[in-house]
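Visitor: Structure file my_file24.txt, compact mmCIF, N, CA and C atoms, is pasted below:
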```
# COMPACT_ATOMS: atom_id res chain seq x y z
N MET M 1256 17.31 -35.65 -1.87
CA MET M 1256 18.54 -34.86 -1.79
C MET M 1256 18.18 -33.38 -1.66
N ALA M 1257 18.94 -32.70 -0.85
CA ALA M 1257 18.65 -31.30 -0.58
C ALA M 1257 19.75 -30.39 -1.12
N CYS M 1258 19.34 -29.21 -1.44
CA CYS M 1258 20.28 -28.16 -1.86
C CYS M 1258 20.61 -27.31 -0.64
N GLU M 1259 21.32 -27.90 0.30
CA GLU M 1259 21.57 -27.26 1.58
C GLU M 1259 22.24 -25.90 1.44
N GLU M 1260 23.21 -25.81 0.55
CA GLU M 1260 23.97 -24.56 0.41
C GLU M 1260 23.07 -23.42 -0.06
N LEU M 1261 22.23 -23.70 -1.05
CA LEU M 1261 21.37 -22.64 -1.58
C LEU M 1261 20.31 -22.23 -0.57
N GLU M 1262 19.75 -23.19 0.14
CA GLU M 1262 18.74 -22.87 1.14
C GLU M 1262 19.36 -22.13 2.33
N ALA M 1263 20.56 -22.50 2.72
CA ALA M 1263 21.25 -21.78 3.80
C ALA M 1263 21.55 -20.35 3.38
N LEU M 1264 21.93 -20.16 2.12
CA LEU M 1264 22.17 -18.80 1.61
C LEU M 1264 20.87 -18.00 1.61
N ARG M 1265 19.77 -18.63 1.23
CA ARG M 1265 18.47 -17.94 1.29
C ARG M 1265 18.17 -17.47 2.71
N LEU M 1266 18.41 -18.33 3.69
CA LEU M 1266 18.17 -17.94 5.08
C LEU M 1266 19.06 -16.77 5.48
N ALA M 1267 20.32 -16.82 5.08
CA ALA M 1267 21.24 -15.72 5.40
C ALA M 1267 20.77 -14.41 4.78
N LEU M 1268 20.40 -14.47 3.51
CA LEU M 1268 19.97 -13.25 2.82
C LEU M 1268 18.65 -12.72 3.40
N MET M 1269 17.79 -13.61 3.85
CA MET M 1269 16.56 -13.16 4.51
C MET M 1269 16.91 -12.40 5.79
N THR M 1270 17.87 -12.89 6.54
CA THR M 1270 18.30 -12.20 7.75
C THR M 1270 18.93 -10.86 7.41
N ILE M 1271 19.83 -10.86 6.44
CA ILE M 1271 20.57 -9.65 6.06
C ILE M 1271 19.62 -8.56 5.57
N THR M 1272 18.61 -8.95 4.80
CA THR M 1272 17.70 -7.96 4.22
C THR M 1272 16.48 -7.68 5.09
N GLY M 1273 16.32 -8.45 6.16
CA GLY M 1273 15.17 -8.25 7.03
C GLY M 1273 13.88 -8.82 6.48
N THR M 1274 14.00 -9.74 5.54
CA THR M 1274 12.82 -10.38 4.95
C THR M 1274 12.23 -11.38 5.94
N THR M 1275 10.95 -11.30 6.14
CA THR M 1275 10.29 -12.23 7.07
C THR M 1275 9.16 -12.94 6.35
N ASP M 1276 9.48 -14.04 5.75
CA ASP M 1276 8.48 -14.89 5.10
C ASP M 1276 8.60 -16.27 5.76
N GLU M 1277 7.73 -16.51 6.71
CA GLU M 1277 7.84 -17.71 7.53
C GLU M 1277 7.73 -18.99 6.71
N SER M 1278 6.93 -19.00 5.65
CA SER M 1278 6.80 -20.22 4.85
C SER M 1278 8.11 -20.52 4.11
N VAL M 1279 8.77 -19.48 3.61
CA VAL M 1279 10.06 -19.68 2.94
C VAL M 1279 11.09 -20.16 3.95
N ARG M 1280 11.10 -19.54 5.13
CA ARG M 1280 12.04 -19.94 6.18
C ARG M 1280 11.84 -21.40 6.57
N GLN M 1281 10.59 -21.80 6.79
CA GLN M 1281 10.31 -23.18 7.18
C GLN M 1281 10.71 -24.16 6.09
N HIS M 1282 10.44 -23.80 4.83
CA HIS M 1282 10.83 -24.67 3.73
C HIS M 1282 12.35 -24.83 3.69
N ALA M 1283 13.06 -23.73 3.80
CA ALA M 1283 14.53 -23.78 3.77
C ALA M 1283 15.06 -24.63 4.92
N GLU M 1284 14.53 -24.42 6.09
CA GLU M 1284 14.99 -25.19 7.25
C GLU M 1284 14.71 -26.68 7.09
N SER M 1285 13.57 -27.03 6.49
CA SER M 1285 13.28 -28.45 6.28
C SER M 1285 14.19 -29.05 5.20
N GLU M 1286 14.53 -28.27 4.18
CA GLU M 1286 15.47 -28.74 3.15
C GLU M 1286 16.85 -29.00 3.76
N ILE M 1287 17.28 -28.11 4.64
CA ILE M 1287 18.61 -28.22 5.23
C ILE M 1287 18.65 -29.35 6.24
N GLY M 1288 17.61 -29.50 7.01
CA GLY M 1288 17.51 -30.61 7.96
C GLY M 1288 18.56 -30.57 9.05
N ASP M 1289 19.19 -31.72 9.29
CA ASP M 1289 20.13 -31.88 10.40
C ASP M 1289 21.38 -31.02 10.26
N ALA M 1290 21.69 -30.57 9.06
CA ALA M 1290 22.89 -29.74 8.88
C ALA M 1290 22.79 -28.43 9.65
N LEU M 1291 21.58 -28.00 9.95
CA LEU M 1291 21.42 -26.78 10.76
C LEU M 1291 21.95 -26.97 12.17
N GLU M 1292 21.88 -28.19 12.66
CA GLU M 1292 22.32 -28.49 14.02
C GLU M 1292 23.76 -29.00 14.07
N ALA M 1293 24.34 -29.28 12.92
CA ALA M 1293 25.66 -29.92 12.87
C ALA M 1293 26.82 -28.98 13.21
N GLY M 1294 26.59 -27.69 13.11
CA GLY M 1294 27.65 -26.75 13.46
C GLY M 1294 28.70 -26.53 12.39
N GLY M 1295 28.48 -26.99 11.18
CA GLY M 1295 29.45 -26.81 10.10
C GLY M 1295 29.17 -25.57 9.28
N PRO M 1296 29.74 -25.50 8.08
CA PRO M 1296 29.57 -24.33 7.23
C PRO M 1296 28.12 -24.04 6.82
N ILE M 1297 27.31 -25.08 6.69
CA ILE M 1297 25.90 -24.88 6.32
C ILE M 1297 25.18 -24.13 7.44
N ALA M 1298 25.36 -24.59 8.67
CA ALA M 1298 24.73 -23.93 9.82
C ALA M 1298 25.24 -22.50 9.97
N ALA M 1299 26.55 -22.32 9.79
CA ALA M 1299 27.13 -20.98 9.90
C ALA M 1299 26.59 -20.06 8.80
N LEU M 1300 26.45 -20.60 7.60
CA LEU M 1300 25.90 -19.81 6.49
C LEU M 1300 24.45 -19.43 6.78
N ALA M 1301 23.67 -20.35 7.25
CA ALA M 1301 22.26 -20.07 7.55
C ALA M 1301 22.13 -18.98 8.62
N ASP M 1302 23.10 -18.90 9.52
CA ASP M 1302 23.08 -17.92 10.61
C ASP M 1302 23.79 -16.62 10.27
N ALA M 1303 24.36 -16.50 9.08
CA ALA M 1303 25.12 -15.30 8.71
C ALA M 1303 24.23 -14.06 8.80
N SER M 1304 24.81 -12.98 9.31
CA SER M 1304 24.05 -11.74 9.44
C SER M 1304 24.66 -10.59 8.66
N THR M 1305 25.76 -10.86 7.94
CA THR M 1305 26.36 -9.85 7.08
C THR M 1305 26.73 -10.50 5.75
N LEU M 1306 26.92 -9.67 4.73
CA LEU M 1306 27.35 -10.21 3.43
C LEU M 1306 28.73 -10.85 3.54
N ASP M 1307 29.62 -10.25 4.32
CA ASP M 1307 30.96 -10.83 4.49
C ASP M 1307 30.88 -12.23 5.10
N GLU M 1308 30.06 -12.37 6.13
CA GLU M 1308 29.89 -13.70 6.75
C GLU M 1308 29.30 -14.68 5.74
N ALA M 1309 28.30 -14.25 5.01
CA ALA M 1309 27.67 -15.12 4.03
C ALA M 1309 28.67 -15.58 2.99
N GLU M 1310 29.49 -14.66 2.48
CA GLU M 1310 30.51 -15.03 1.49
C GLU M 1310 31.48 -16.06 2.06
N ARG M 1311 31.97 -15.79 3.26
CA ARG M 1311 32.96 -16.67 3.88
C ARG M 1311 32.39 -18.07 4.11
N HIS M 1312 31.18 -18.14 4.65
CA HIS M 1312 30.60 -19.45 4.95
C HIS M 1312 30.14 -20.18 3.69
N LEU M 1313 29.70 -19.44 2.68
CA LEU M 1313 29.34 -20.08 1.41
C LEU M 1313 30.59 -20.67 0.76
N ASP M 1314 31.70 -19.96 0.82
CA ASP M 1314 32.96 -20.51 0.27
C ASP M 1314 33.34 -21.80 0.98
N ALA M 1315 33.19 -21.84 2.30
CA ALA M 1315 33.52 -23.05 3.06
C ALA M 1315 32.57 -24.19 2.71
N ALA M 1316 31.29 -23.89 2.59
CA ALA M 1316 30.30 -24.91 2.21
C ALA M 1316 30.58 -25.43 0.80
N LEU M 1317 30.96 -24.53 -0.10
CA LEU M 1317 31.28 -24.93 -1.47
C LEU M 1317 32.49 -25.85 -1.50
N LEU M 1318 33.49 -25.55 -0.71
CA LEU M 1318 34.68 -26.40 -0.64
C LEU M 1318 34.30 -27.81 -0.19
N ASP M 1319 33.47 -27.91 0.85
CA ASP M 1319 33.02 -29.23 1.30
C ASP M 1319 32.23 -29.95 0.21
N LEU M 1320 31.36 -29.21 -0.48
CA LEU M 1320 30.56 -29.81 -1.54
C LEU M 1320 31.45 -30.28 -2.69
N GLU M 1321 32.42 -29.48 -3.07
CA GLU M 1321 33.34 -29.88 -4.15
C GLU M 1321 34.11 -31.14 -3.77
N THR M 1322 34.53 -31.23 -2.53
CA THR M 1322 35.25 -32.41 -2.05
C THR M 1322 34.35 -33.64 -2.13
N GLU M 1323 33.11 -33.49 -1.71
CA GLU M 1323 32.15 -34.60 -1.76
C GLU M 1323 31.86 -35.00 -3.20
N ALA M 1324 31.71 -34.02 -4.09
CA ALA M 1324 31.41 -34.32 -5.49
C ALA M 1324 32.59 -35.01 -6.18
N MET M 1325 33.80 -34.61 -5.84
CA MET M 1325 34.99 -35.24 -6.45
C MET M 1325 35.12 -36.69 -6.02
N ALA M 1326 34.67 -37.01 -4.81
CA ALA M 1326 34.79 -38.38 -4.31
C ALA M 1326 33.67 -39.28 -4.82
N ALA M 1327 32.62 -38.70 -5.38
CA ALA M 1327 31.47 -39.48 -5.83
C ALA M 1327 31.78 -40.22 -7.13
N ASP M 1328 31.11 -41.32 -7.31
CA ASP M 1328 31.23 -42.12 -8.53
C ASP M 1328 30.71 -41.31 -9.72
N ALA M 1329 31.52 -41.18 -10.73
CA ALA M 1329 31.18 -40.37 -11.90
C ALA M 1329 29.97 -40.91 -12.67
N THR M 1330 29.69 -42.19 -12.54
CA THR M 1330 28.57 -42.78 -13.27
C THR M 1330 27.30 -42.86 -12.44
N ASP M 1331 27.41 -42.52 -11.18
CA ASP M 1331 26.27 -42.59 -10.25
C ASP M 1331 25.36 -41.37 -10.39
N ARG M 1332 24.07 -41.60 -10.31
CA ARG M 1332 23.10 -40.50 -10.40
C ARG M 1332 23.31 -39.48 -9.29
N ASP M 1333 23.60 -39.94 -8.08
CA ASP M 1333 23.86 -39.03 -6.97
C ASP M 1333 25.11 -38.20 -7.21
N GLY M 1334 26.10 -38.80 -7.83
CA GLY M 1334 27.32 -38.05 -8.17
C GLY M 1334 27.04 -36.95 -9.17
N ALA M 1335 26.19 -37.25 -10.14
CA ALA M 1335 25.81 -36.22 -11.12
C ALA M 1335 25.05 -35.09 -10.44
N TYR M 1336 24.18 -35.44 -9.51
CA TYR M 1336 23.44 -34.43 -8.76
C TYR M 1336 24.40 -33.54 -7.95
N LEU M 1337 25.38 -34.15 -7.32
CA LEU M 1337 26.37 -33.38 -6.54
C LEU M 1337 27.13 -32.41 -7.45
N ARG M 1338 27.51 -32.87 -8.63
CA ARG M 1338 28.23 -31.99 -9.57
C ARG M 1338 27.33 -30.85 -10.04
N GLY M 1339 26.05 -31.15 -10.22
CA GLY M 1339 25.10 -30.10 -10.56
C GLY M 1339 24.96 -29.07 -9.45
N ARG M 1340 24.96 -29.55 -8.21
CA ARG M 1340 24.92 -28.63 -7.06
C ARG M 1340 26.16 -27.74 -7.03
N VAL M 1341 27.31 -28.31 -7.35
CA VAL M 1341 28.55 -27.52 -7.38
C VAL M 1341 28.39 -26.35 -8.35
N VAL M 1342 27.87 -26.64 -9.54
CA VAL M 1342 27.67 -25.58 -10.54
C VAL M 1342 26.71 -24.52 -10.01
N ALA M 1343 25.60 -24.94 -9.43
CA ALA M 1343 24.61 -23.99 -8.92
C ALA M 1343 25.16 -23.15 -7.78
N VAL M 1344 25.93 -23.77 -6.89
CA VAL M 1344 26.48 -23.04 -5.74
C VAL M 1344 27.59 -22.10 -6.19
N ARG M 1345 28.39 -22.52 -7.16
CA ARG M 1345 29.40 -21.59 -7.70
C ARG M 1345 28.73 -20.37 -8.31
N ASP M 1346 27.64 -20.59 -9.02
CA ASP M 1346 26.90 -19.47 -9.61
C ASP M 1346 26.35 -18.56 -8.51
N ALA M 1347 25.82 -19.14 -7.45
CA ALA M 1347 25.30 -18.35 -6.33
C ALA M 1347 26.43 -17.56 -5.67
N ALA M 1348 27.61 -18.16 -5.56
CA ALA M 1348 28.76 -17.46 -4.96
C ALA M 1348 29.16 -16.27 -5.82
N ARG M 1349 29.14 -16.44 -7.14
CA ARG M 1349 29.44 -15.31 -8.04
C ARG M 1349 28.40 -14.20 -7.88
N SER M 1350 27.14 -14.60 -7.79
CA SER M 1350 26.07 -13.61 -7.61
C SER M 1350 26.22 -12.87 -6.28
N LEU M 1351 26.60 -13.59 -5.24
CA LEU M 1351 26.80 -12.96 -3.94
C LEU M 1351 27.97 -11.98 -3.99
N ARG M 1352 29.05 -12.34 -4.69
CA ARG M 1352 30.18 -11.40 -4.84
C ARG M 1352 29.75 -10.15 -5.60
N ARG M 1353 28.91 -10.34 -6.64
CA ARG M 1353 28.40 -9.17 -7.39
C ARG M 1353 27.52 -8.31 -6.49
N LEU M 1354 26.68 -8.94 -5.69
CA LEU M 1354 25.83 -8.21 -4.77
C LEU M 1354 26.68 -7.39 -3.81
N ARG M 1355 27.74 -7.99 -3.31
CA ARG M 1355 28.64 -7.29 -2.39
C ARG M 1355 29.29 -6.10 -3.11
N ALA M 1356 29.79 -6.32 -4.30
CA ALA M 1356 30.44 -5.25 -5.07
C ALA M 1356 29.44 -4.13 -5.39
N ASP M 1357 28.23 -4.50 -5.78
CA ASP M 1357 27.20 -3.50 -6.08
C ASP M 1357 26.82 -2.71 -4.83
N THR M 1358 26.74 -3.39 -3.70
CA THR M 1358 26.43 -2.71 -2.44
C THR M 1358 27.54 -1.73 -2.08
N ASP M 1359 28.79 -2.15 -2.22
CA ASP M 1359 29.92 -1.25 -1.93
C ASP M 1359 29.90 -0.05 -2.87
N SER M 1360 29.60 -0.28 -4.13
CA SER M 1360 29.52 0.81 -5.11
C SER M 1360 28.39 1.77 -4.76
N PHE M 1361 27.26 1.23 -4.35
CA PHE M 1361 26.13 2.07 -3.96
C PHE M 1361 26.49 2.94 -2.75
N LEU M 1362 27.19 2.35 -1.79
CA LEU M 1362 27.63 3.13 -0.63
C LEU M 1362 28.58 4.25 -1.04
N ASP M 1363 29.49 3.94 -1.95
CA ASP M 1363 30.40 4.98 -2.48
C ASP M 1363 29.62 6.08 -3.18
N ASP M 1364 28.63 5.69 -3.98
CA ASP M 1364 27.79 6.66 -4.70
C ASP M 1364 27.04 7.58 -3.72
N LEU M 1365 26.54 7.01 -2.64
CA LEU M 1365 25.84 7.82 -1.64
C LEU M 1365 26.80 8.83 -1.00
N GLY M 1366 28.01 8.39 -0.72
CA GLY M 1366 29.00 9.29 -0.15
C GLY M 1366 29.35 10.42 -1.11
N GLU M 1367 29.50 10.07 -2.37
CA GLU M 1367 29.81 11.07 -3.40
C GLU M 1367 28.66 12.06 -3.56
N ALA M 1368 27.42 11.57 -3.57
CA ALA M 1368 26.25 12.45 -3.68
C ALA M 1368 26.18 13.39 -2.48
N HIS M 1369 26.48 12.88 -1.31
CA HIS M 1369 26.47 13.71 -0.11
C HIS M 1369 27.54 14.80 -0.20
N HIS M 1370 28.71 14.41 -0.63
CA HIS M 1370 29.81 15.37 -0.79
C HIS M 1370 29.44 16.45 -1.82
N THR M 1371 28.88 16.03 -2.94
CA THR M 1371 28.48 16.98 -3.99
C THR M 1371 27.40 17.93 -3.48
N LEU M 1372 26.47 17.42 -2.72
CA LEU M 1372 25.42 18.24 -2.17
C LEU M 1372 26.00 19.34 -1.26
N HIS M 1373 26.96 18.95 -0.43
CA HIS M 1373 27.57 19.96 0.46
C HIS M 1373 28.46 20.94 -0.31
N GLU M 1374 29.06 20.51 -1.41
CA GLU M 1374 29.83 21.44 -2.24
C GLU M 1374 28.89 22.46 -2.90
N THR M 1375 27.73 21.98 -3.34
CA THR M 1375 26.77 22.83 -4.03
C THR M 1375 26.06 23.78 -3.05
N PHE M 1376 25.75 23.29 -1.88
CA PHE M 1376 25.04 24.06 -0.86
C PHE M 1376 25.83 24.01 0.45
N PRO M 1377 26.90 24.82 0.52
CA PRO M 1377 27.74 24.79 1.72
C PRO M 1377 26.94 25.16 2.98
N VAL M 1378 27.28 24.52 4.04
CA VAL M 1378 26.66 24.79 5.33
C VAL M 1378 27.56 25.77 6.08
N GLU M 1379 26.98 26.89 6.46
CA GLU M 1379 27.75 27.87 7.22
C GLU M 1379 27.71 27.50 8.69
N GLU M 1380 28.87 27.58 9.30
CA GLU M 1380 28.94 27.25 10.71
C GLU M 1380 29.08 28.47 11.56
```
Spit out the file's structure as structure tokens when you get a sec.

Guide:
Amino acid sequence: MACEELEALRLALMTITGTTDESVRQHAESEIGDALEAGGPIAALADASTLDEAERHLDAALLDLETEAMAADATDRDGAYLRGRVVAVRDAARSLRRLRADTDSFLDDLGEAHHTLHETFPVEE
């Protein structure tokens, strides 16, 4: 069983941050397997190039996973694994939202620092 959602998110974040670790990429792609070619939320998440895209596609992948987990037999080992994946992917989604919020805050801070710098040292035109 593969953790397709988490590995697809890793691929997206590697693209977003410009990280190039070929062994990690190959491992993630092998974990995801055929879902990369299927054209669904997993493939879209793996191809995400912005945080907004990653959030949107992770939410869609999580919805599919939750639907699959709800349909699974509660006493089956595979069903328990699916429910565990739901918990892990929800946690990753929360972390991604925090990353987005922190990034937006950092951008605001940079703008404020720039503004303060120009107030302190006005540029004469």

Visitor: What gap, in Å, lies between atom N of Val1279 of chain M and atom CA of Glu1292 of chain M?

Guide: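 Computed distance, atom N of Val1279 of chain M to atom CA of Glu1292 of chain M, equals 19.3 Å.
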
Visitor: Within 7 Å of Ala1315 of chain M, counting only N, CA and C atoms, which residues qualify if same-chain residues fewer than 4 places away don't, as a short mmCIF file (atom, residue, chain, number, x, y, z; two decimals) with N, CA and C atoms, in the frame of the given file?

Guide:
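So result33.cif came out as:
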```cif
data_model
loop_
_atom_site.label_atom_id
_atom_site.label_comp_id
_atom_site.auth_asym_id
_atom_site.auth_seq_id
_atom_site.Cartn_x
_atom_site.Cartn_y
_atom_site.Cartn_z
N PRO M 1296 29.74 -25.50 8.08
CA PRO M 1296 29.57 -24.33 7.23
C PRO M 1296 28.12 -24.04 6.82
N ILE M 1297 27.31 -25.08 6.69
CA ILE M 1297 25.90 -24.88 6.32
C ILE M 1297 25.18 -24.13 7.44
N GLU M 1310 29.49 -14.66 2.48
CA GLU M 1310 30.51 -15.03 1.49
C GLU M 1310 31.48 -16.06 2.06
N ARG M 1311 31.97 -15.79 3.26
CA ARG M 1311 32.96 -16.67 3.88
C ARG M 1311 32.39 -18.07 4.11
N ASP M 1319 33.47 -27.91 0.85
CA ASP M 1319 33.02 -29.23 1.30
C ASP M 1319 32.23 -29.95 0.21
N LEU M 1320 31.36 -29.21 -0.48
CA LEU M 1320 30.56 -29.81 -1.54
C LEU M 1320 31.45 -30.28 -2.69
#
```

Visitor: Please run DSSP on the backbone and report, as a ChimeraX atom specification, all residues within chain M that come out as helix (DSSP H, G or I).

Guide: /M:1259-1272,1277-1287,1290-1293,1296-1301,1306-1326,1332-1375

Visitor: Give me, as a ChimeraX atom specification, all polymer residues having an atom no more than 12 Å from Glu1321 of chain M, counting only C-alpha atoms and skipping those fewer than 2 positions away in the same chain.

Guide: /M:1260,1313-1319,1323-1327,1334,1336-1345

Visitor: Please report the interatomic distance between atom N of Ala1347 of chain M and atom N of Glu1284 of chain M in Å with one decimal.

Guide: 18.4 Å

Visitor: Find the distance between atom CA of Asp1331 of chain M and atom CA of Glu1259 of chain M and write it in Å to one decimal.

Guide: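 So the two atoms, atom CA of Asp1331 of chain M and atom CA of Glu1259 of chain M, lie 19.9 Å apart.
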
Visitor: Place a sphere of radius 9 Å on (18.4, -28.3, -1.6) in the file coordinates and name every protein, DNA or RNA residue with an atom inside or on its surface, counting only C-alpha atoms; give the answer as a list in words.

Guide: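 Neighbouring residues, ordered by chain and number, come to Met1256, Ala1257, Cys1258, Glu1259, Glu1260, Leu1261, Glu1262, Ala1263, Ala1283, Glu1286, Ile1287 and Arg1340 of chain M.
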
Visitor: Determine the nearest neighbour of Ser1304 of chain M from the options M:Ala1335, M:Ala1356, M:Leu1268, M:Leu1362, counting all atoms listed in the file.

Guide: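 Selected residue with least distance to Ser1304 of chain M: M:Leu1268.
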